[in-house]
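Novice: My file is target_3.txt. It has compact mmCIF, C-alpha atoms:
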# COMPACT_ATOMS: atom_id res chain seq x y z
CA MET W 1 95.62 7.79 87.17
CA VAL W 2 95.79 10.19 84.23
CA ALA W 3 97.10 8.41 81.16
CA LYS W 4 100.73 9.13 80.32
CA TYR W 5 101.66 10.02 76.74
CA LEU W 6 105.18 8.94 75.82
CA LYS W 7 104.61 10.18 72.26
CA ARG W 8 101.93 12.44 70.78
CA GLY W 9 100.77 12.89 67.20
CA LEU W 10 100.20 16.05 65.20
CA ALA W 11 98.29 18.74 67.08
CA ALA W 12 94.59 19.17 66.35
CA GLU W 13 95.14 22.69 65.00
CA ALA W 14 97.66 21.47 62.44
CA LYS W 15 95.31 18.67 61.39
CA ALA W 16 92.50 21.21 60.92
CA ASN W 17 94.69 23.35 58.67
CA THR W 18 95.51 20.33 56.53
CA ASP W 19 91.84 19.36 56.34
CA ARG W 20 90.90 22.89 55.27
CA LYS W 21 93.33 22.81 52.35
CA VAL W 22 92.02 19.45 51.21
CA ARG W 23 88.44 20.69 51.48
CA ASP W 24 89.10 23.70 49.27
CA ILE W 25 90.88 21.67 46.59
CA VAL W 26 88.09 19.09 46.47
CA GLU W 27 85.31 21.67 46.34
CA ALA W 28 86.87 23.39 43.32
CA ALA W 29 87.51 20.08 41.54
CA LEU W 30 83.95 18.81 41.98
CA ALA W 31 82.50 22.09 40.72
CA ASP W 32 84.72 21.78 37.63
CA ILE W 33 83.57 18.21 36.97
CA GLU W 34 79.93 19.23 37.31
CA ALA W 35 80.43 22.11 34.89
CA ARG W 36 82.66 20.51 32.25
CA GLY W 37 82.15 16.76 32.63
CA ASP W 38 84.54 14.52 30.73
CA VAL W 39 86.83 17.40 29.76
CA ALA W 40 87.48 18.24 33.43
CA VAL W 41 87.94 14.58 34.31
CA ARG W 42 90.51 14.13 31.55
CA GLU W 43 92.44 17.24 32.59
CA MET W 44 92.59 16.06 36.22
CA SER W 45 93.63 12.56 35.22
CA ASN W 46 96.47 14.02 33.17
CA ARG W 47 97.51 16.43 35.91
CA PHE W 48 97.36 14.09 38.89
CA ASP W 49 98.09 10.68 37.36
CA GLY W 50 99.74 11.48 34.02
CA TRP W 51 97.05 9.31 32.48
CA ASP W 52 95.16 10.10 29.27
CA ARG W 53 92.74 7.98 27.26
CA ASP W 54 89.92 8.58 24.82
CA ASP W 55 87.69 6.43 27.03
CA TYR W 56 88.57 5.62 30.63
CA ARG W 57 86.29 2.59 30.63
CA LEU W 58 88.34 -0.52 29.99
CA SER W 59 87.36 -2.70 27.05
CA GLN W 60 86.51 -6.35 27.52
CA SER W 61 89.76 -7.31 25.78
CA GLU W 62 91.75 -5.16 28.23
CA ILE W 63 89.95 -6.76 31.14
CA ASP W 64 90.50 -10.26 29.78
CA ALA W 65 94.19 -9.51 29.33
CA CYS W 66 94.50 -8.50 32.98
CA VAL W 67 92.72 -11.66 34.15
CA ASP W 68 94.82 -13.82 31.83
CA SER W 69 98.02 -12.21 33.16
CA LEU W 70 97.48 -13.78 36.56
CA THR W 71 99.53 -16.81 37.41
CA ALA W 72 97.62 -19.87 38.55
CA GLN W 73 98.63 -19.16 42.16
CA GLU W 74 97.66 -15.48 41.95
CA ARG W 75 94.23 -16.36 40.63
CA LYS W 76 93.78 -19.06 43.25
CA ASP W 77 94.72 -16.62 46.01
CA ILE W 78 92.32 -13.93 44.76
CA GLU W 79 89.52 -16.47 44.42
CA PHE W 80 90.16 -17.74 47.97
CA ALA W 81 89.91 -14.22 49.39
CA GLN W 82 86.80 -13.46 47.35
CA ALA W 83 85.15 -16.66 48.56
CA GLN W 84 85.68 -15.62 52.19
CA VAL W 85 84.24 -12.15 51.55
CA TYR W 86 81.28 -13.64 49.66
CA ASN W 87 80.56 -16.20 52.38
CA PHE W 88 80.47 -13.64 55.19
CA ALA W 89 78.44 -11.15 53.13
CA LYS W 90 75.94 -13.92 52.34
CA ILE W 91 75.65 -14.76 56.04
CA GLN W 92 74.98 -11.09 56.74
CA ARG W 93 72.36 -10.88 53.98
CA ASP W 94 70.62 -14.02 55.18
CA SER W 95 70.34 -12.49 58.66
CA MET W 96 68.22 -9.63 57.29
CA LYS W 97 64.62 -10.72 56.96
CA ASP W 98 61.68 -9.01 55.33
CA VAL W 99 58.80 -8.76 57.82
CA GLU W 100 55.03 -8.51 57.59
CA VAL W 101 53.01 -8.53 60.80
CA GLU W 102 49.38 -7.90 61.73
CA THR W 103 50.02 -5.50 64.60
CA MET W 104 46.34 -5.15 65.52
CA PRO W 105 43.22 -6.66 63.96
CA GLY W 106 43.08 -5.52 60.34
CA VAL W 107 46.37 -3.55 60.37
CA VAL W 108 49.37 -5.04 58.58
CA LEU W 109 52.83 -3.45 58.75
CA GLY W 110 55.98 -4.64 57.05
CA HIS W 111 59.35 -3.80 55.62
CA ARG W 112 61.39 -5.00 52.68
CA HIS W 113 65.14 -4.81 52.17
CA LEU W 114 65.51 -3.40 48.66
CA PRO W 115 68.88 -3.19 46.88
CA ILE W 116 70.18 0.17 45.71
CA GLN W 117 70.14 0.16 41.90
CA ASN W 118 73.54 1.70 41.06
CA ALA W 119 76.74 1.49 43.09
CA GLY W 120 80.12 3.07 42.43
CA CYS W 121 83.08 1.33 44.05
CA TYR W 122 86.42 3.07 44.46
CA VAL W 123 89.53 0.91 44.67
CA PRO W 124 92.62 2.87 45.80
CA GLY W 125 95.88 2.06 44.08
CA GLY W 126 98.12 5.08 43.74
CA LYS W 127 101.03 3.73 45.82
CA TYR W 128 99.93 0.11 46.15
CA PRO W 129 97.47 -1.85 43.98
CA LEU W 130 94.93 -2.53 46.74
CA LEU W 131 93.01 -5.24 44.93
CA ALA W 132 91.33 -6.36 48.18
CA SER W 133 89.08 -3.30 48.01
CA ALA W 134 87.52 -4.79 44.89
CA HIS W 135 86.41 -7.87 46.85
CA MET W 136 85.10 -5.81 49.74
CA SER W 137 82.94 -3.50 47.65
CA VAL W 138 81.90 -5.28 44.47
CA ILE W 139 81.15 -8.69 45.98
CA THR W 140 79.27 -7.16 48.90
CA ALA W 141 77.15 -5.07 46.53
CA LYS W 142 76.40 -8.05 44.34
CA VAL W 143 75.39 -10.20 47.32
CA ALA W 144 72.98 -7.41 48.26
CA GLY W 145 71.47 -7.63 44.77
CA VAL W 146 72.70 -4.36 43.25
CA PRO W 147 72.10 -4.70 39.48
CA ARG W 148 74.70 -2.15 38.30
CA VAL W 149 78.09 -1.98 39.99
CA ILE W 150 80.85 0.11 38.43
CA THR W 151 84.40 0.50 39.68
CA CYS W 152 87.18 3.06 39.45
CA ALA W 153 90.83 2.55 40.29
CA PRO W 154 93.81 4.75 39.38
CA PRO W 155 96.45 3.56 36.96
CA PHE W 156 99.51 1.94 38.49
CA ARG W 157 102.85 2.98 36.98
CA GLY W 158 101.21 4.30 33.84
CA THR W 159 98.90 1.40 33.03
CA PRO W 160 95.69 -0.13 34.40
CA ALA W 161 96.61 -2.03 37.57
CA ARG W 162 96.35 -5.58 36.31
CA ALA W 163 95.69 -7.24 39.68
CA ILE W 164 93.02 -4.69 40.60
CA VAL W 165 91.34 -5.00 37.21
CA ALA W 166 91.39 -8.78 37.46
CA ALA W 167 89.95 -8.69 40.97
CA GLN W 168 87.21 -6.27 39.89
CA ALA W 169 86.29 -8.52 36.99
CA LEU W 170 86.33 -11.72 39.04
CA ALA W 171 84.20 -10.00 41.69
CA GLY W 172 81.52 -9.24 39.09
CA ALA W 173 81.88 -5.53 38.26
CA ASP W 174 79.62 -4.44 35.40
CA ALA W 175 81.95 -1.69 34.16
CA ILE W 176 85.58 -0.95 35.06
CA TYR W 177 87.19 2.48 34.72
CA ALA W 178 90.88 3.34 35.03
CA LEU W 179 90.39 6.57 36.98
CA GLY W 180 91.64 7.69 40.37
CA GLY W 181 91.23 10.37 42.98
CA ILE W 182 88.72 13.22 43.05
CA GLN W 183 88.05 12.84 39.34
CA ALA W 184 86.87 9.25 39.80
CA ILE W 185 84.62 10.05 42.74
CA GLY W 186 83.19 13.12 41.03
CA ALA W 187 82.55 11.32 37.75
CA MET W 188 80.73 8.43 39.42
CA ALA W 189 78.59 10.66 41.63
CA LEU W 190 77.82 13.54 39.30
CA GLY W 191 77.92 11.71 36.00
CA THR W 192 79.59 12.86 32.80
CA GLU W 193 78.90 12.45 29.10
CA SER W 194 80.47 8.99 29.23
CA ILE W 195 79.72 7.81 32.78
CA GLU W 196 76.20 7.34 34.13
CA PRO W 197 75.92 8.52 37.74
CA VAL W 198 75.50 6.10 40.63
CA ASP W 199 73.28 6.17 43.69
CA ILE W 200 75.90 5.29 46.31
CA LEU W 201 79.69 5.63 46.54
CA VAL W 202 81.71 3.13 48.54
CA GLY W 203 85.33 2.29 49.15
CA PRO W 204 88.34 3.64 51.02
CA GLY W 205 90.81 6.21 49.76
CA ASN W 206 93.17 9.00 50.67
CA ALA W 207 92.19 12.32 52.25
CA PHE W 208 91.04 13.75 48.91
CA VAL W 209 88.82 10.77 48.13
CA ALA W 210 87.30 10.83 51.61
CA GLU W 211 86.62 14.58 51.40
CA ALA W 212 85.05 14.21 47.94
CA LYS W 213 82.68 11.60 49.30
CA ARG W 214 81.84 13.85 52.25
CA GLN W 215 81.02 16.79 50.00
CA LEU W 216 78.90 14.64 47.68
CA TYR W 217 76.88 13.04 50.47
CA GLY W 218 73.27 13.98 49.90
CA ARG W 219 73.65 14.06 46.15
CA VAL W 220 74.42 10.36 46.52
CA GLY W 221 74.68 7.98 49.42
CA ILE W 222 78.05 7.00 50.80
CA ASP W 223 79.16 4.03 52.84
CA LEU W 224 81.05 5.99 55.50
CA PHE W 225 84.05 8.26 55.93
CA ALA W 226 86.94 5.98 55.07
CA GLY W 227 90.03 8.16 54.96
CA PRO W 228 93.65 7.36 55.79
CA THR W 229 94.13 4.12 57.69
CA GLU W 230 94.05 4.28 61.50
CA THR W 231 95.42 1.59 63.80
CA LEU W 232 95.23 1.21 67.56
CA ILE W 233 97.22 -1.57 69.21
CA ILE W 234 96.01 -2.46 72.72
CA ALA W 235 98.60 -4.68 74.37
CA ASP W 236 99.99 -5.90 77.66
CA THR W 237 103.01 -7.97 78.60
CA VAL W 238 101.00 -11.21 78.82
CA GLY W 239 99.25 -11.08 75.46
CA CYS W 240 101.99 -9.52 73.35
CA ASP W 241 105.67 -8.69 73.04
CA PRO W 242 107.31 -5.47 71.81
CA GLU W 243 108.43 -6.93 68.49
CA MET W 244 104.90 -8.03 67.58
CA ALA W 245 103.36 -4.72 68.69
CA ALA W 246 105.91 -2.77 66.65
CA THR W 247 105.40 -5.00 63.62
CA ASP W 248 101.64 -4.57 63.71
CA ILE W 249 101.87 -0.78 64.02
CA LEU W 250 104.32 -0.42 61.13
CA GLY W 251 102.39 -2.94 59.09
CA GLN W 252 99.53 -0.43 58.89
CA VAL W 253 101.18 2.99 58.89
CA GLU W 254 102.98 2.04 55.68
CA HIS W 255 99.68 2.93 53.96
CA GLY W 256 100.86 6.53 53.79
CA PRO W 257 102.36 9.49 55.64
CA ASP W 258 99.00 10.51 57.12
CA SER W 259 98.12 7.13 58.69
CA PRO W 260 97.96 7.26 62.50
CA GLY W 261 99.36 4.38 64.54
CA VAL W 262 98.75 4.27 68.29
CA LEU W 263 100.01 1.96 71.03
CA LEU W 264 97.90 1.77 74.19
CA THR W 265 99.27 -0.32 77.04
CA ASN W 266 99.29 -0.60 80.82
CA SER W 267 103.08 -1.00 81.05
CA GLU W 268 105.53 1.85 80.56
CA THR W 269 108.38 -0.63 80.20
CA PHE W 270 106.51 -2.44 77.42
CA ALA W 271 105.73 0.89 75.75
CA ARG W 272 109.34 2.04 75.72
CA GLU W 273 110.60 -1.32 74.48
CA THR W 274 108.05 -1.20 71.64
CA MET W 275 109.26 2.26 70.64
CA VAL W 276 112.80 0.88 70.45
CA GLU W 277 111.56 -2.01 68.29
CA ILE W 278 109.79 0.42 65.96
CA GLU W 279 113.04 2.31 65.41
CA ARG W 280 114.88 -0.96 64.74
CA LEU W 281 112.29 -2.18 62.24
CA LEU W 282 112.24 1.15 60.43
CA GLN W 283 115.86 0.50 59.49
CA ILE W 284 114.93 -2.64 57.55
CA LEU W 285 111.28 -2.25 56.45
CA PRO W 286 111.13 -1.81 52.64
CA THR W 287 108.25 0.67 53.01
CA ALA W 288 109.98 2.66 55.74
CA ASP W 289 109.78 5.92 53.77
CA TYR W 290 105.99 6.01 54.17
CA ALA W 291 105.93 4.36 57.58
CA ARG W 292 108.56 6.71 59.07
CA LYS W 293 106.64 9.85 58.08
CA ALA W 294 103.39 8.46 59.47
CA TRP W 295 104.97 7.31 62.73
CA ASP W 296 106.90 10.53 63.30
CA THR W 297 103.90 12.76 62.53
CA PHE W 298 100.88 10.82 63.76
CA GLY W 299 102.21 8.05 65.99
CA GLU W 300 101.22 7.99 69.66
CA VAL W 301 102.19 5.90 72.68
CA ILE W 302 99.85 5.93 75.68
CA VAL W 303 100.31 4.27 79.06
CA ALA W 304 97.14 3.68 81.09
CA GLU W 305 96.53 2.28 84.57
CA GLY W 306 94.51 -0.78 83.68
CA TYR W 307 91.84 -2.29 81.45
CA ASP W 308 89.07 0.11 82.49
CA GLU W 309 91.12 3.15 81.58
CA MET W 310 92.35 1.47 78.40
CA VAL W 311 88.74 0.91 77.31
CA ALA W 312 87.83 4.55 78.04
CA ILE W 313 90.81 5.84 76.04
CA ALA W 314 90.16 3.44 73.18
CA ASP W 315 86.52 4.48 72.95
CA GLU W 316 87.57 8.14 72.89
CA ILE W 317 90.03 7.46 70.05
CA ALA W 318 87.34 5.47 68.15
CA SER W 319 89.95 3.99 65.82
CA GLU W 320 89.25 2.31 62.51
CA HIS W 321 91.25 -0.80 63.43
CA VAL W 322 91.69 -1.96 67.02
CA GLN W 323 94.02 -4.89 67.55
CA VAL W 324 93.82 -6.35 71.05
CA MET W 325 96.71 -8.47 72.30
CA THR W 326 96.18 -8.74 76.03
CA ALA W 327 95.76 -11.47 78.61
CA ASP W 328 91.98 -11.16 78.18
CA PRO W 329 91.06 -9.85 74.69
CA ASP W 330 87.38 -10.64 75.20
CA TYR W 331 87.24 -8.03 77.95
CA PHE W 332 87.60 -5.42 75.24
CA LEU W 333 85.06 -7.15 73.00
CA LYS W 334 82.59 -7.02 75.88
CA HIS W 335 83.24 -3.44 76.99
CA MET W 336 84.35 -1.38 73.98
CA THR W 337 81.72 0.47 71.95
CA ASN W 338 83.61 2.70 69.47
CA TYR W 339 85.69 0.93 66.81
CA GLY W 340 85.60 0.05 63.14
CA ALA W 341 86.70 -3.56 63.62
CA LEU W 342 88.28 -5.55 66.43
CA PHE W 343 91.10 -8.06 65.97
CA LEU W 344 91.28 -10.19 69.09
CA GLY W 345 94.39 -12.04 70.20
CA GLN W 346 97.87 -12.29 68.74
CA ARG W 347 96.92 -15.05 66.27
CA THR W 348 95.00 -12.56 64.13
CA ASN W 349 95.89 -9.08 62.93
CA VAL W 350 94.62 -6.17 60.86
CA SER W 351 96.28 -7.49 57.70
CA PHE W 352 94.13 -10.63 57.84
CA GLY W 353 91.04 -8.42 57.83
CA ASP W 354 92.47 -6.14 55.15
CA LYS W 355 93.17 -8.93 52.70
CA VAL W 356 91.55 -12.28 53.16
CA ILE W 357 89.70 -13.44 56.28
CA GLY W 358 86.26 -12.34 55.11
CA THR W 359 85.20 -9.33 57.19
CA ASN W 360 85.02 -6.08 55.28
CA HIS W 361 88.05 -3.78 55.37
CA THR W 362 86.22 -0.56 54.47
CA LEU W 363 85.86 0.93 57.93
CA PRO W 364 85.08 4.29 59.58
CA THR W 365 87.88 6.76 60.31
CA LYS W 366 88.14 10.19 61.97
CA LYS W 367 85.98 9.10 64.92
CA ALA W 368 83.07 8.07 62.68
CA ALA W 369 83.14 4.75 64.56
CA ARG W 370 81.13 6.58 67.24
CA TYR W 371 78.05 6.33 65.02
CA THR W 372 78.62 3.78 62.27
CA GLY W 373 80.21 0.45 61.61
CA GLY W 374 82.02 -0.55 58.45
CA LEU W 375 80.86 -1.42 54.96
CA TRP W 376 78.61 -4.47 54.91
CA VAL W 377 75.84 -5.89 52.80
CA GLY W 378 73.25 -3.74 54.59
CA LYS W 379 74.85 -0.55 53.24
CA PHE W 380 73.62 -1.53 49.78
CA LEU W 381 70.06 -2.14 50.97
CA LYS W 382 67.23 0.25 51.73
CA THR W 383 64.86 -0.93 54.44
CA CYS W 384 61.53 0.35 53.19
CA THR W 385 58.30 0.08 55.17
CA TYR W 386 54.73 -0.43 53.99
CA GLN W 387 51.30 -0.67 55.57
CA LYS W 388 47.93 -2.19 54.72
CA VAL W 389 44.61 -1.70 56.50
CA LEU W 390 42.36 -4.65 55.71
CA THR W 391 39.06 -3.87 57.44
CA ASP W 392 36.65 -0.95 57.75
CA GLN W 393 36.75 -1.25 61.53
CA ALA W 394 40.55 -0.94 61.65
CA SER W 395 40.55 2.08 59.33
CA ALA W 396 37.93 3.88 61.44
CA LEU W 397 39.68 3.04 64.72
CA VAL W 398 43.09 4.29 63.58
CA GLY W 399 41.38 7.25 61.93
CA GLU W 400 39.82 8.45 65.19
CA TYR W 401 43.19 8.48 66.97
CA CYS W 402 44.87 10.10 63.98
CA SER W 403 42.20 12.82 63.76
CA ARG W 404 42.64 13.88 67.37
CA LEU W 405 46.43 13.84 67.16
CA CYS W 406 46.36 15.96 63.99
CA ALA W 407 44.13 18.47 65.79
CA LEU W 408 46.73 18.74 68.58
CA GLU W 409 49.30 19.73 65.95
CA GLY W 410 47.01 22.01 63.98
CA PHE W 411 47.25 19.99 60.78
CA ALA W 412 43.75 20.36 59.35
CA GLY W 413 44.51 18.64 56.04
CA HIS W 414 46.13 15.71 57.76
CA GLY W 415 43.12 15.49 60.06
CA GLU W 416 40.71 15.39 57.15
CA GLN W 417 42.57 12.43 55.66
CA ALA W 418 41.64 10.59 58.84
CA ASN W 419 38.12 12.02 59.14
CA ILE W 420 36.99 11.00 55.67
CA ARG W 421 37.85 7.39 56.49
CA VAL W 422 36.05 7.54 59.81
CA ARG W 423 32.97 8.76 57.92
CA ARG W 424 33.27 6.28 55.03
CA PHE W 425 34.34 3.17 56.91
CA GLY W 426 33.13 3.80 60.44
CA GLY W 427 29.74 5.38 59.75
CA ARG W 428 30.48 8.16 62.22
CA ASN W 429 29.30 11.70 61.46
CA VAL W 430 32.55 13.50 62.31
CA PRO W 431 32.88 17.12 61.16
CA TYR W 432 35.34 18.34 58.58
CA ALA W 433 38.51 19.62 60.16
CA GLY W 434 37.89 23.17 61.40
CA GLN W 435 34.09 22.82 61.35
CA ALA W 436 31.89 22.40 64.38
CA GLU W 437 29.48 20.08 62.54
CA PRO W 438 29.57 18.21 59.26
CA SER W 439 27.69 19.73 56.33
CA ALA W 440 24.33 18.31 55.28
CA GLN W 441 25.94 16.80 52.18
CA THR W 442 28.58 15.05 54.31
CA ALA W 443 25.96 13.80 56.77
CA ALA W 444 24.01 12.34 53.85
Is it possible to give me this structure as structure tokens?
Specialist:
Amino acid sequence: MVAKYLKRGLAAEAKANTDRKVRDIVEAALADIEARGDVAVREMSNRFDGWDRDDYRLSQSEIDACVDSLTAQERKDIEFAQAQVYNFAKIQRDSMKDVEVETMPGVVLGHRHLPIQNAGCYVPGGKYPLLASAHMSVITAKVAGVPRVITCAPPFRGTPARAIVAAQALAGADAIYALGGIQAIGAMALGTESIEPVDILVGPGNAFVAEAKRQLYGRVGIDLFAGPTETLIIADTVGCDPEMAATDILGQVEHGPDSPGVLLTNSETFARETMVEIERLLQILPTADYARKAWDTFGEVIVAEGYDEMVAIADEIASEHVQVMTADPDYFLKHMTNYGALFLGQRTNVSFGDKVIGTNHTLPTKKAARYTGGLWVGKFLKTCTYQKVLTDQASALVGEYCSRLCALEGFAGHGEQANIRVRRFGGRNVPYAGQAEPSAQTAA
């Protein structure tokens, strides 16, 4: 069976045109920040966020005020979520071992997991104060051992977003800036007169933030391409009902008008009933303005024959979030290969992962799930190898193989690095690279 589309999203050509416009805007903005530093950042902050300060770094008194503004329950809730993120990140870090092994007599190879020294964490908050992104980035970096972690988040309704600031502080951020968008990403990566540059950028954001990270990759590291939220609901009539499927789609597309939501099922009746439920819920959802635009423009409904075809379609979509509510969710855990994160069974959902359960919510979008997973403690670590050769015999033995292999490639200088060790440590009279015989001085 060829899958049946009851609803399709925006055509690829239209998406490409939108991406091109974003790319051009970001390229010009980053060039301006590199050329004019703080002046360009201030102009962009005024233009895009209506936000002007002498110094965008928050003072300790401002940070303390945001933390103190939390109610006891708000603080308890943030601390609970941060504990879950910390616990899972610590489990991940503990699973990564340094190694040192004698691979042959006298040859020792190893690797160490070394933390990146400077991390810049972006916390989106233009429409909603997404304080959970502070947990996901700052805590994970700190568990990895990053000594300097700075954060940027846009102002919320003309003032630093108190919940975000509090979450950043409680997570352990070393410096907190009230900056959003391209200007925040550019300032952290390129550096300005007032902001020291970082070595890696992490955190989700809108299309402009994602494109800025893409263009800066190479100048700095990035976690992954984490653009507008994507959600795929895989459901059947046994594991789910139309109301729950509709709720879980709309619960994610409210992120913004460019957030795709897709339903994939093996029942056309279920699909059509879910579409009816979506229309009903859009009449009462407080965030329906955002959700309606996203659903109308990017929403899709796909009917497949069975689980095998559903897996194939899901892997082709390679969605950021994949929520599986079927009779056998573990079938998809076993067989799927392309996804940012899986949410298995109707008792869990994407919102749990977004906010509190402990897995990281910064996940790959735009099919990047084909080649990377989400943000985790390993993204803040460099796995760096080393080698030691402990005996003369081992050096001469490896040197002989190396010399011949270098000759095959025509690398004379490389070959001589091997040859000199064969002569010094192996007592063998090998010629210099390119010579038929060693010179009298070498032989001596």
Novice: For Lys7 of chain W, which residue among W:Gln417, W:Thr362, W:Thr274, W:Asn338 is the nearest when counting only C-alpha atoms?
Specialist: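 Checking each of W:Gln417, W:Thr362, W:Thr274, W:Asn338 against Lys7 of chain W, counting only C-alpha atoms, the winner is W:Thr274.
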Novice: Can you list, as a list in words, every protein, DNA or RNA residue that comes within 10 Å of Ala226 of chain W when you count all atoms listed in the file, leaving out same-chain residues fewer than 2 positions away?
Specialist: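 The residues satisfying every condition are Val202, Gly203, Pro204, Gly205, Asn206, Ala207, Val209, Ala210, Glu211, Lys213, Arg214, Ile222, Asp223, Leu224, Pro228, Thr229, Glu230, Glu320, His361, Thr362, Leu363, Pro364, Thr365, Lys366, Ala368, Gly374 and Leu375 of chain W.
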Novice: Which residue, W:Asn118, W:Ser61, W:Gln252, W:Gln168, has the smallest gap to Leu201 of chain W when you use all atoms listed in the file?
Specialist: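 Closest to Leu201 of chain W of all the choices is W:Asn118.
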Novice: Nearest to Leu381 of chain W: which of W:Asp55, W:Asp199, W:Glu193, W:Glu268 is it, counting only C-alpha atoms?
Specialist: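 Once distances to Leu381 of chain W are computed over only C-alpha atoms, the minimum belongs to W:Asp199.
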Novice: Quote the spacing between atom CA of Cys66 of chain W and atom CA of Val165 of chain W in Å to one decimal place.
Specialist: 6.3 Å
Novice: Have a look at atom CA of Val253 of chain W and atom CA of Ala153 of chain W and let me know their distance in Å, one decimal.
Specialist: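 Going from atom CA of Val253 of chain W over to atom CA of Ala153 of chain W, I get 21.3 Å.
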Novice: For a quick check of understanding, using all atoms listed in the file, which of W:Asn419, W:Met336, W:Ile176, W:Ile195 has the smallest distance to Asp38 of chain W?
Specialist: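 Among the listed residues, W:Ile195 lies closest to Asp38 of chain W.
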Novice: Can you work out which one of W:Ala246, W:His335, W:Val301, W:Tyr307 has the shortest atom-to-atom distance to Leu285 of chain W, counting only C-alpha atoms?
Specialist: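 Distance minimum relative to Leu285 of chain W lands on W:Ala246.
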Novice: My list of candidates is W:Ser69, W:Asn349, W:Ser95, W:Thr337. Which is closest to Ile233 of chain W when distances are computed with all atoms listed in the file?
Specialist: W:Asn349
Novice: So which residues touch Trp295 of chain W within 8 Å, counting only C-alpha atoms, skipping near sequence neighbours fewer than 4 positions away, as a VMD selection string?
Specialist: chain W and resid 250 253 257 259 to 261 291 299 to 300
Novice: Mind giving me the straight-line distance from atom CA of Ser351 of chain W to atom CA of Asp248 of chain W in Å, one decimal?
Specialist: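 Value for the atom CA of Ser351 of chain W-atom CA of Asp248 of chain W distance: 8.6 Å.
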